[in-house]
$ cat model.txt   # compact mmCIF, C-alpha atoms
# COMPACT_ATOMS: atom_id res chain seq x y z
CA MET A 1092 -19.86 4.47 2.52
CA PRO A 1093 -19.97 5.66 6.15
CA LYS A 1094 -17.91 8.66 7.14
CA MET A 1095 -15.18 8.08 9.67
CA ASN A 1096 -13.63 10.50 12.13
CA LEU A 1097 -10.34 9.47 13.67
CA THR A 1098 -7.91 11.35 15.85
CA HIS A 1099 -4.39 12.06 14.61
CA PHE A 1100 -3.09 9.29 16.82
CA GLU A 1101 -5.59 6.68 15.65
CA ALA A 1102 -5.05 7.53 11.97
CA ALA A 1103 -1.27 7.43 12.34
CA LEU A 1104 -1.45 4.09 14.18
CA LEU A 1105 -3.60 2.60 11.41
CA PHE A 1106 -1.19 3.91 8.81
CA ALA A 1107 1.73 2.38 10.74
CA LEU A 1108 -0.07 -0.97 11.05
CA PHE A 1109 -0.85 -1.38 7.35
CA ALA A 1110 2.53 -0.07 6.18
CA SER A 1111 4.34 -2.39 8.60
CA ILE A 1112 2.40 -5.44 7.41
CA VAL A 1113 3.26 -4.74 3.76
CA LEU A 1114 6.90 -3.91 4.53
CA GLY A 1115 7.20 -7.12 6.51
CA VAL A 1116 5.61 -9.23 3.77
CA VAL A 1117 7.67 -7.91 0.85
CA THR A 1118 11.13 -7.64 2.37
CA LYS A 1119 12.43 -10.70 4.22
CA LYS A 1120 12.88 -14.34 3.23
CA THR A 1121 11.33 -16.45 5.98
CA ASP A 1122 8.02 -16.00 7.79
CA ARG A 1123 9.82 -15.55 11.11
CA GLU A 1124 12.02 -12.77 9.67
CA ARG A 1125 8.94 -11.15 8.10
CA LEU A 1126 7.09 -11.13 11.41
CA GLN A 1127 10.09 -9.71 13.26
CA TYR A 1128 10.68 -7.02 10.64
CA GLY A 1129 7.00 -6.07 10.56
CA LEU A 1130 6.89 -5.73 14.34
CA ARG A 1131 10.14 -3.74 14.34
CA CYS A 1132 8.79 -1.39 11.64
CA PHE A 1133 5.60 -0.88 13.62
CA GLY A 1134 7.66 -0.09 16.73
CA TYR A 1135 9.77 2.43 14.81
CA PHE A 1136 6.61 4.09 13.47
CA VAL A 1137 5.14 4.38 16.96
CA VAL A 1138 8.39 5.71 18.48
CA ALA A 1139 8.71 8.27 15.66
CA LEU A 1140 5.04 9.24 16.06
CA ILE A 1141 5.33 9.85 19.80
CA GLY A 1142 8.75 11.49 19.48
CA LEU A 1143 7.62 13.89 16.76
CA GLY A 1144 4.44 14.60 18.73
CA TRP A 1145 6.46 15.64 21.76
CA LEU A 1146 8.84 17.66 19.56
CA MET A 1147 5.91 19.60 18.06
CA TRP A 1148 4.38 20.12 21.52
CA LEU A 1149 7.70 21.54 22.79
CA GLY A 1150 8.00 23.70 19.66
CA HIS A 1151 4.63 25.27 20.29
CA ARG A 1152 5.26 26.16 23.97
CA MET B 1374 -3.69 -31.90 -21.93
CA PRO B 1375 -0.81 -29.41 -21.95
CA SER B 1376 2.54 -30.78 -20.91
CA LYS B 1377 4.41 -29.24 -17.99
CA THR B 1378 7.52 -27.26 -18.88
CA THR B 1379 10.65 -27.49 -16.80
CA THR B 1380 13.38 -25.02 -15.99
CA ALA B 1381 17.03 -25.45 -16.92
CA ALA B 1382 17.64 -26.85 -13.45
CA GLY B 1383 15.01 -29.51 -14.11
CA GLN B 1384 12.50 -28.09 -11.63
CA ALA B 1385 8.87 -27.72 -12.60
CA PRO B 1386 7.87 -24.04 -12.47
CA ASP B 1387 5.38 -23.20 -9.76
CA ASN B 1388 3.33 -21.06 -12.12
CA ALA B 1389 2.46 -20.94 -15.77
CA HIS B 1390 2.20 -17.15 -16.06
CA SER B 1391 4.73 -14.73 -17.45
CA TRP B 1392 5.77 -11.80 -15.28
CA PRO B 1393 3.80 -9.10 -17.21
CA ALA B 1394 0.59 -11.01 -16.49
CA ILE B 1395 1.57 -11.41 -12.83
CA VAL B 1396 2.45 -7.72 -12.43
CA GLY B 1397 -0.72 -6.67 -14.30
CA ALA B 1398 -2.87 -8.83 -12.03
CA ALA B 1399 -1.01 -7.52 -8.98
CA TRP B 1400 -1.77 -3.96 -10.08
CA LEU B 1401 -5.47 -4.59 -10.73
CA VAL B 1402 -6.13 -6.59 -7.56
CA PRO B 1403 -3.68 -6.11 -4.68
CA GLY B 1404 -2.11 -9.44 -3.73
CA ALA B 1405 -3.35 -11.20 -6.88
CA GLY B 1406 0.22 -11.65 -8.12
CA HIS B 1407 1.09 -13.58 -4.98
CA PHE B 1408 -2.07 -15.68 -5.28
CA LEU B 1409 -1.13 -16.58 -8.88
CA LEU B 1410 2.37 -17.46 -7.69
CA LYS B 1411 0.87 -19.76 -5.04
CA ARG B 1412 1.72 -17.58 -2.05
CA PRO B 1413 -1.80 -17.21 -0.64
CA GLY B 1414 -0.75 -16.22 2.87
CA ARG B 1415 1.34 -13.28 1.73
CA GLY B 1416 -1.21 -12.41 -0.95
CA GLY B 1417 -3.98 -12.32 1.64
CA LEU B 1418 -2.01 -10.01 3.92
CA LEU B 1419 -1.23 -7.66 1.02
CA LEU B 1420 -4.83 -7.73 -0.19
CA GLY B 1421 -6.18 -7.00 3.29
CA SER B 1422 -3.70 -4.22 4.04
CA VAL B 1423 -4.07 -2.35 0.75
CA VAL B 1424 -7.86 -2.72 0.53
CA LEU B 1425 -8.41 -1.68 4.15
CA MET B 1426 -6.09 1.28 3.78
CA PHE B 1427 -7.91 2.40 0.64
CA LEU B 1428 -11.33 1.95 2.28
CA PHE B 1429 -10.24 3.91 5.36
CA GLY B 1430 -9.07 6.65 2.99
CA ILE B 1431 -12.48 6.70 1.31
CA MET B 1432 -14.30 6.69 4.67
CA MET B 1433 -12.16 9.62 5.81
CA ARG B 1434 -13.29 11.35 2.60
CA GLY B 1435 -9.80 11.76 1.20
CA ALA B 1436 -9.40 13.50 -2.15
CA MET B 1437 -8.06 11.85 -5.31
CA PHE B 1438 -5.25 13.66 -7.10
CA HIS B 1439 -5.66 14.79 -10.70
CA PRO B 1440 -2.54 15.42 -12.76
CA GLN B 1441 -1.65 19.11 -12.90
CA THR B 1442 1.38 20.87 -14.22
CA GLY B 1443 2.81 24.25 -13.27
CA ASP B 1444 5.85 24.85 -11.14
CA LEU B 1445 8.03 21.87 -10.23
CA LEU B 1446 6.47 21.28 -6.82
CA THR B 1447 2.91 21.34 -8.19
CA THR B 1448 3.86 18.88 -10.94
CA VAL B 1449 5.61 16.51 -8.54
CA ILE B 1450 2.80 16.57 -5.95
CA TYR B 1451 -0.18 16.28 -8.29
CA CYS B 1452 1.30 13.92 -10.89
CA GLY B 1453 2.98 11.81 -8.19
CA GLY B 1454 -0.23 11.73 -6.18
CA PHE B 1455 -2.20 10.69 -9.26
CA ILE B 1456 0.25 7.85 -9.94
CA GLY B 1457 -0.06 6.79 -6.28
CA ASP B 1458 -3.86 6.78 -6.51
CA LEU B 1459 -3.82 4.93 -9.83
CA ALA B 1460 -1.49 2.25 -8.42
CA SER B 1461 -4.39 0.91 -6.33
CA GLY B 1462 -5.73 -0.62 -9.55
CA LEU B 1463 -9.39 -1.66 -9.56
CA LEU B 1464 -10.01 0.07 -6.23
CA TYR B 1465 -9.20 3.43 -7.82
CA LEU B 1466 -10.91 2.67 -11.12
CA LEU B 1467 -14.13 1.45 -9.46
CA SER B 1468 -14.31 4.32 -7.00
CA THR B 1469 -13.93 6.91 -9.75
CA TRP B 1470 -16.32 5.06 -12.10
CA PHE B 1471 -18.91 4.93 -9.33
CA GLY B 1472 -18.62 8.68 -8.93
CA TYR B 1473 -16.35 9.21 -5.94
CA ALA B 1474 -15.16 12.78 -6.38
CA GLN B 1475 -14.41 14.24 -2.99
CA PRO B 1476 -13.21 17.84 -3.31
CA ASP B 1477 -9.97 18.74 -1.55
CA VAL B 1478 -11.25 20.48 1.58
CA ALA B 1479 -9.44 21.63 4.70
CA GLY B 1480 -9.41 19.34 7.71
CA ASP B 1481 -7.03 16.88 9.32
CA VAL B 1482 -9.25 13.82 8.76
CA HIS B 1483 -9.67 14.64 5.04
CA ASP B 1484 -5.92 15.14 4.85
CA TYR B 1485 -5.24 11.76 6.41
CA GLY B 1486 -7.75 10.22 4.01
CA THR B 1487 -5.92 11.67 1.02
CA LYS B 1488 -2.62 10.27 2.33
CA PHE B 1489 -4.21 6.87 3.01
CA LEU B 1490 -5.47 6.70 -0.59
CA VAL B 1491 -2.03 7.50 -2.02
CA ALA B 1492 -0.21 5.24 0.46
CA ALA B 1493 -2.48 2.30 -0.44
CA GLY B 1494 -1.31 2.66 -4.04
CA LEU B 1495 2.34 2.99 -3.01
CA LEU B 1496 2.10 -0.14 -0.89
CA ASN B 1497 0.55 -1.92 -3.87
CA ILE B 1498 3.60 -0.87 -5.93
CA LEU B 1499 5.78 -2.64 -3.34
CA ALA B 1500 3.57 -5.71 -3.69
CA MET B 1501 3.87 -5.55 -7.50
CA VAL B 1502 7.68 -5.35 -7.28
CA ASP B 1503 7.71 -8.32 -4.88
CA ALA B 1504 5.48 -10.33 -7.24
CA TYR B 1505 7.80 -9.44 -10.15
CA GLU B 1506 10.85 -10.62 -8.20
CA ILE B 1507 9.15 -13.90 -7.29
CA ALA B 1508 7.94 -14.44 -10.89
CA THR B 1509 11.46 -13.87 -12.26
CA ARG B 1510 12.94 -16.10 -9.51
CA LYS B 1511 15.03 -13.32 -7.99
CA LYS B 1512 13.52 -14.27 -4.63
CA GLN B 1513 11.33 -16.96 -3.12

$ encode --input "model.txt" --output "structure tokens"
Amino acid sequence: MPKMNLTHFEAALLFALFASIVLGVVTKKTDRERLQYGLRCFGYFVVALIGLGWLMWLGHR
Amino acid sequence: MPSKTTTAAGQAPDNAHSWPAIVGAAWLVPGAGHFLLKRPGRGGLLLGSVVLMFLFGIMMRGAMFHPQTGDLLTTVIYCGGFIGDLASGLLYLLSTWFGYAQPDVAGDVHDYGTKFLVAAGLLNILAMVDAYEIATRKKQ
């Protein structure tokens, strides 16, 4: 199995993508609701990722 | 030829499996429960997500947890992590049987890999719960 090196951002984005897909699939009732919820979850993950990144950057100044 | 059984409402069931078999299959192969329940689209998405997450974890050389006891935090982290790893089903069993034994070393990529491996199992638990709810007709 090849070894993979990802940055924090890439790894966190991948994590957000897969988690959002599963959360979308298992929660809502219709395909449209699932798609919307998955996209919303992914957006929340990305916002939290960037927000926490800035917070840590400010904390280390 | 076996006759088809019907529910109390008179509807033919969309599967002939009982929920323990569905949940067991969903544990062993991510998404298999949904495939058995004739939800191939959702099953495919679950299969792809969990398998890819697990494979990314392996490629990042994440470590597998082994159950350890000691103080409360050690017990929760190591036993919980082991349960998370084990929840990936065949992916975990095959990788350990084929000798994957990455030591827990320092490094952010290894760390992410370890979390990916556990998270793949946790996502598979969500898929198993969903398959159980569909099999017991608590949801569509």

$ closest_atom_pairs --input "model.txt" --of "chain B" --to "chain A" --cutoff "10 Å" --atoms "all atoms listed in the file" --output "tab-separated table"
residue	atom	partner	partner_atom	distance
B:Gly1414	CA	A:Val1116	CA	9.5
B:Arg1415	CA	A:Val1116	CA	6.2
B:Gly1416	CA	A:Val1116	CA	8.9
B:Leu1418	CA	A:Ile1112	CA	7.2
B:Leu1419	CA	A:Val1113	CA	6.0
B:Leu1420	CA	A:Val1113	CA	9.5
B:Gly1421	CA	A:Phe1109	CA	8.7
B:Ser1422	CA	A:Phe1109	CA	5.2
B:Val1423	CA	A:Phe1109	CA	7.4
B:Val1424	CA	A:Phe1109	CA	9.9
B:Leu1425	CA	A:Phe1109	CA	8.2
B:Met1426	CA	A:Phe1109	CA	6.9
B:Leu1428	CA	A:Met1092	CA	8.9
B:Phe1429	CA	A:Met1095	CA	7.8
B:Gly1430	CA	A:Met1095	CA	9.2
B:Ile1431	CA	A:Met1092	CA	7.8
B:Met1432	CA	A:Lys1094	CA	4.8
B:Met1433	CA	A:Met1095	CA	5.1
B:Arg1434	CA	A:Lys1094	CA	7.0
B:Asp1481	CA	A:His1099	CA	7.6
B:Val1482	CA	A:Asn1096	CA	6.4
B:His1483	CA	A:Asn1096	CA	9.1
B:Tyr1485	CA	A:Ala1102	CA	7.0
B:Gly1486	CA	A:Ala1102	CA	8.8
B:Lys1488	CA	A:Phe1106	CA	9.2
B:Phe1489	CA	A:Phe1106	CA	7.2
B:Ala1492	CA	A:Ala1110	CA	8.3
B:Ala1493	CA	A:Ala1110	CA	8.6
B:Leu1495	CA	A:Ala1110	CA	9.7
B:Leu1496	CA	A:Val1113	CA	6.6
B:Asn1497	CA	A:Val1113	CA	8.6
B:Leu1499	CA	A:Val1117	CA	7.0
B:Ala1500	CA	A:Val1117	CA	6.5
B:Met1501	CA	A:Val1117	CA	9.5
B:Val1502	CA	A:Val1117	CA	8.5
B:Asp1503	CA	A:Val1117	CA	5.7
B:Ala1504	CA	A:Val1117	CA	8.7
B:Glu1506	CA	A:Val1117	CA	10.0
B:Lys1512	CA	A:Lys1120	CA	7.9
B:Gln1513	CA	A:Lys1120	CA	7.0

$ atom_distance --input "model.txt" --atom1 "atom CA of B:Ala1474" --atom2 "atom CA of B:Gly1417"
28.6 Å

$ closest_residue --input "model.txt" --among "B:Leu1463, B:Cys1452, B:Ala1436, B:Ala1508" --to "B:Ala1479" --atoms "all atoms listed in the file"
B:Ala1436

$ atom_distance --input "model.txt" --atom1 "atom CA of A:Leu1104" --atom2 "atom CA of A:Gly1134"
10.3 Å

$ atom_distance --input "model.txt" --atom1 "atom CA of B:Met1437" --atom2 "atom CA of B:Gly1480"
15.1 Å

$ build_atoms --input "model.txt" --residues "stretch 1104-1117 of chain A" --atoms "N, CA, C and O atoms" --output "PDB file, in the coordinates of the input"
ATOM      1  N   LEU A1104      -1.646   5.487  13.778  1.00  0.00           N
ATOM      2  CA  LEU A1104      -1.450   4.090  14.180  1.00  0.00           C
ATOM      3  C   LEU A1104      -1.936   3.123  13.095  1.00  0.00           C
ATOM      4  O   LEU A1104      -1.277   2.129  12.796  1.00  0.00           O
ATOM      5  N   LEU A1105      -3.093   3.441  12.502  1.00  0.00           N
ATOM      6  CA  LEU A1105      -3.600   2.600  11.410  1.00  0.00           C
ATOM      7  C   LEU A1105      -2.639   2.593  10.238  1.00  0.00           C
ATOM      8  O   LEU A1105      -2.349   1.554   9.649  1.00  0.00           O
ATOM      9  N   PHE A1106      -2.153   3.789   9.906  1.00  0.00           N
ATOM     10  CA  PHE A1106      -1.190   3.910   8.810  1.00  0.00           C
ATOM     11  C   PHE A1106       0.037   3.037   9.112  1.00  0.00           C
ATOM     12  O   PHE A1106       0.509   2.279   8.254  1.00  0.00           O
ATOM     13  N   ALA A1107       0.545   3.141  10.348  1.00  0.00           N
ATOM     14  CA  ALA A1107       1.730   2.380  10.740  1.00  0.00           C
ATOM     15  C   ALA A1107       1.461   0.874  10.650  1.00  0.00           C
ATOM     16  O   ALA A1107       2.311   0.103  10.197  1.00  0.00           O
ATOM     17  N   LEU A1108       0.282   0.458  11.061  1.00  0.00           N
ATOM     18  CA  LEU A1108      -0.070  -0.970  11.050  1.00  0.00           C
ATOM     19  C   LEU A1108      -0.046  -1.529   9.623  1.00  0.00           C
ATOM     20  O   LEU A1108       0.634  -2.523   9.333  1.00  0.00           O
ATOM     21  N   PHE A1109      -0.766  -0.865   8.716  1.00  0.00           N
ATOM     22  CA  PHE A1109      -0.850  -1.380   7.350  1.00  0.00           C
ATOM     23  C   PHE A1109       0.504  -1.313   6.636  1.00  0.00           C
ATOM     24  O   PHE A1109       0.894  -2.248   5.928  1.00  0.00           O
ATOM     25  N   ALA A1110       1.218  -0.203   6.829  1.00  0.00           N
ATOM     26  CA  ALA A1110       2.530  -0.070   6.180  1.00  0.00           C
ATOM     27  C   ALA A1110       3.493  -1.126   6.704  1.00  0.00           C
ATOM     28  O   ALA A1110       4.255  -1.719   5.938  1.00  0.00           O
ATOM     29  N   SER A1111       3.435  -1.397   8.015  1.00  0.00           N
ATOM     30  CA  SER A1111       4.340  -2.390   8.600  1.00  0.00           C
ATOM     31  C   SER A1111       4.041  -3.790   8.073  1.00  0.00           C
ATOM     32  O   SER A1111       4.964  -4.575   7.812  1.00  0.00           O
ATOM     33  N   ILE A1112       2.761  -4.114   7.932  1.00  0.00           N
ATOM     34  CA  ILE A1112       2.400  -5.440   7.410  1.00  0.00           C
ATOM     35  C   ILE A1112       2.983  -5.620   6.005  1.00  0.00           C
ATOM     36  O   ILE A1112       3.639  -6.621   5.702  1.00  0.00           O
ATOM     37  N   VAL A1113       2.773  -4.609   5.138  1.00  0.00           N
ATOM     38  CA  VAL A1113       3.260  -4.740   3.760  1.00  0.00           C
ATOM     39  C   VAL A1113       4.789  -4.772   3.729  1.00  0.00           C
ATOM     40  O   VAL A1113       5.387  -5.600   3.029  1.00  0.00           O
ATOM     41  N   LEU A1114       5.436  -3.909   4.513  1.00  0.00           N
ATOM     42  CA  LEU A1114       6.900  -3.910   4.530  1.00  0.00           C
ATOM     43  C   LEU A1114       7.435  -5.243   5.018  1.00  0.00           C
ATOM     44  O   LEU A1114       8.434  -5.760   4.505  1.00  0.00           O
ATOM     45  N   GLY A1115       6.774  -5.818   6.012  1.00  0.00           N
ATOM     46  CA  GLY A1115       7.200  -7.120   6.510  1.00  0.00           C
ATOM     47  C   GLY A1115       7.023  -8.207   5.457  1.00  0.00           C
ATOM     48  O   GLY A1115       7.908  -9.046   5.275  1.00  0.00           O
ATOM     49  N   VAL A1116       5.905  -8.167   4.744  1.00  0.00           N
ATOM     50  CA  VAL A1116       5.610  -9.230   3.770  1.00  0.00           C
ATOM     51  C   VAL A1116       6.578  -9.185   2.587  1.00  0.00           C
ATOM     52  O   VAL A1116       7.021 -10.229   2.109  1.00  0.00           O
ATOM     53  N   VAL A1117       6.920  -7.986   2.112  1.00  0.00           N
ATOM     54  CA  VAL A1117       7.670  -7.910   0.850  1.00  0.00           C
ATOM     55  C   VAL A1117       9.192  -7.905   1.029  1.00  0.00           C
ATOM     56  O   VAL A1117       9.908  -7.983   0.041  1.00  0.00           O
TER      57      VAL A1117
END
